[in-house]
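A.B. asks: Quick one: the structure is below, and I'll ask about it shortly.
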Amino acid sequence: MQLRKILILLTILTVPMSNSFSQEQSITPNYVGVELRSVIEAVSSITGKNFIIDPRVRAEVTLLSATPMTTDAFYEAFLSLLQVHGFVAVQTGEIIKIVPDASSRQYPGYPNLEGAANDDIVTQVIKIQNISAAQLVPILRPLIPQYGHLAAHAGSNMLIISDRANNVDRLLNIIQRIDQSNDNDIEIVSLSHASAAEIVRVLTVLARAPKSDGTPSQISLVADTRTNSVLIGGEKTGRLKIRALIAHLDTSLEDGDSTRVRYLRYADAESLAGKLLQHFSQQNRSTSNSGQSGDNQNINVWADKQTNAIIVNAPPKMMRSLMGIVDQLDIRRLQVLVEAIIVEIVADRTSELGVTWATDGSKNDNLVGVTNFPSMGSGVIQLAGINNANNTNINPSALIGEGISLGVGKITKEGTSFGAILRALEGIADTNIISTPSIVTTDNEEASLNVGQEVPFVTGSFSNTGGTGSVNPFQTIQREQVGVNLTITPQINEGDSILLKISQEISNISQSASGAVDLITNERTINTTVIVGDGDILVLGGLLEDQLRESDQRVPILGSIPIIGTLFKSKKTSKVKTNLMVFIRPTILENPEQATFETNKKYNYIRDLQIEDNKKKELSKFRGQDFIGTTDNPILPDFESYKQNTQ
């Protein structure tokens with residue numbers, strides 16, 4: 001019944017101009033508390049449009065008009081009515097879908113504002129020309145309703161906006177005002193008198209000062225020493241101010257020579273002054289040989305060692321050239337931490353086994369049999385001496401030998417005397433050395449590290465063997481250095497590679513399996529030049545050696561008899577296996593922070609060792625194992641607190 005009332009009311013209030021929907025109609029709608037679906041049916045009847053209504057579209061609406069309106073105006077009012085109640089009309093071909101605002105972005109709308117009503121959904125793609133599209137998103141986001149959509153495509157620098165046509169039109173106007181080209185540019189200012197590097201150093205402080213509103217300045221300055229020019233970048237107003245300052249500073253000095261004191265930060269004043277004088281002296285000779293006259297003859301440079309400064313007296317033009325050279329030489333040089341890893345493993349095995357014997361008859365016509373092997377050391381012959389009177393004299397000191405000596409025999413004045421000695425020795429000597437010397441030096445500066453001790457070697461001796469008078473016995477001793485000697489010269493190349501000139505010597509006292517009394521020293525030397533990446537480990541060289549020495553002394557024929565032949569031979573075997581490798585690892589210390597980090601790491605490593613040792617002592621006291629009462633070791637202070645206290 002309500003729908004019939006609405007249609008009757010519309011029929012009464014409408015003055016038809018023609019039966020065709022294409023001609024104008026005058027409509028004066030008046031709806032109070034009417035179901036929205038009824039209004040949609042009325043709009044469809046009047047405008048001839050086809051609608052599909054979402055089941056969620058339900059509302060009681062009110063639309064009042066005091067004056068008649070055209071069909072198009074009535075349809076615009078209908079779209080506004082939908083917007084007020086949270087719905088939208090999305091046209092797809094000849095069909096118009098009425099859906100909630102939240103679902104509008106899922107349906108295709110108008111691709112642009114052309115032909116769209118104010119409340120139609122429009123999806124507009126906008127090309128941004130001068131600024132970043134992503135920067136506009138947070139600015140425009142508050143202007144987009146919840147059902148709308150705003151996104152930036154960084155690759156093409158475009159904005160995608162999906163909203164009602166009237167709001168999209170408003171956003172387009174805002175974007176056009178913001179998307180304006182700035183006046184940032186780069187200017188080149190050539191200098192006639194001043195030094196470009198000095199001008200940039202002075203004006204950089206002013207250029208970095210913030211503006212009155214607190215925003216940072218956008219002016220940047222760069223010096224081109226080759227053309228003595230200053231490059232200015234930034235907004236036009238700031239560039240004009242910097243150009244005015246450069247014009248005031250780029251003035252000529254008084255005629256004649258000028259004197260300047262330049263304090264050096266890193267370079268050595270005496271060394272640099274000599275090199276500068278040598279450079280300009282060579283220029284003077286070249287100018288004189290070409291028949292030209294120059295200002296180089298008026299240059300004088302000398303150094304003040306106490307303040308590490310150079311005093312320069314030169315004409316203005318040559319002063320700029322000289323100061324440019326100083327700027328490029330007085331720089332902080334990089335440092336290099338070089339760590340060497342030396343690993344040496346030596347296994348020495350020795351075994352000896354031999355038998356010597358002798359028999360002696362009591363009468364001259366009896367036979368005498370003797371075996372003696374030089375590699376056995378003291379045998380039966382060295383143990384006993386036989387005199388002309390057939391008296392046997394025993395020498396007990398000859399029994400002292402290496403390994404174990406077992407003897408058996410019988411010595412009589414009448415009858416047969418005999419003696420036999422079995423000697424056996426097995427020696428095992430292992431050497432396992434790992435050394436990690438490290439050293440820090442400046443780029444292109446030689447550095448050396450020597451860690452070792454002086455070992456005494458007996459070179460001669462004298463003893464009193466008889467005669468009259470008192471002569472004191474003595475020995476002559478020569479001391480030689482034993483340890484690690486590392487000498488390096490690093491050169492940092494372009495990138496992160498380092499050229500290292502290395503001279504490394506490793507010497508130590510060898511442990512011998514043969515039990516020799518004299519000291520034996522091992523010496524390994526490496527002299528090479530290598531290229532290593534920053535932080536990489538490179539093997540410098542090494543030795544893998546496996547030695548086997550066998551000595552077999554026997555009596556011919558008799559020594560080859562199985563089992564019994566053992567009484568007629570002596571055998572000695574020696575096996576030495578050596579594994580030696582030397583590695584190097586350089587690290588570039590590019591800044592003070594990295595140098596502090598490496599120092600902190602080494603410092604804390606030593607400190608942790610001291611703390612761990614004290615913990616072991618405390619544990620021994622707690623267990624009652626400390627009978628002497630040892631004292632705790634001193635401990636290094638904490639690195640960070642020590643730095644703060646010393647600053």
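If you're wondering about the labels, chains in the structure tokens are A, B, ... by order shown, residues count from 1 in each chain, ligands from 1 in order shown.
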When you look at Pro586 of chain A with a cut-off of 8 Å (counting only C-alpha atoms), what residues show up, excluding the ones that are within fewer than 3 positions of it in the same chain? I need them as a PyMOL selection string.

C.D. replies: chain A and resi 336-339+498+532-537

A.B. asks: Just want the 9 Å neighbourhood of Arg265 of chain A, counted on only C-alpha atoms, with same-chain residues fewer than 3 positions away dropped. Output as an MDAnalysis selection string.

C.D. replies: chainID A and resid 268 308:309 330:332

A.B. asks: Do a neighbour search on Asp120 of chain A at 6 Å with only C-alpha atoms, toss out local chain neighbours closer than 4 positions, and write the hits as a ChimeraX atom specification.

C.D. replies: /A:116,164-165

A.B. asks: Find the residues near segment 324-327 of chain A: any atom within 10 Å, counting only C-alpha atoms, skip ones fewer than 2 places away on the same chain, and give them as a ChimeraX atom specification.

C.D. replies: /A:195-198,225-226,228,262,264,267,272-273,276,310,318-322,329-331

A.B. asks: Excluding segment 202-204 of chain A and any residue of its chain fewer than 3 positions from it, enumerate the residues within 9 Å of it, using only C-alpha atoms, and give them as a PyMOL selection string.

C.D. replies: chain A and resi 197-199+207-209+219-221+242+245-246

A.B. asks: Of the candidates A:Ile131, A:Ile160, A:Ile584, A:Ile563, which shows the shortest atom-to-atom distance to Leu486 of chain A, using only C-alpha atoms?

C.D. replies: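 The closest residue to Leu486 of chain A is A:Ile584.
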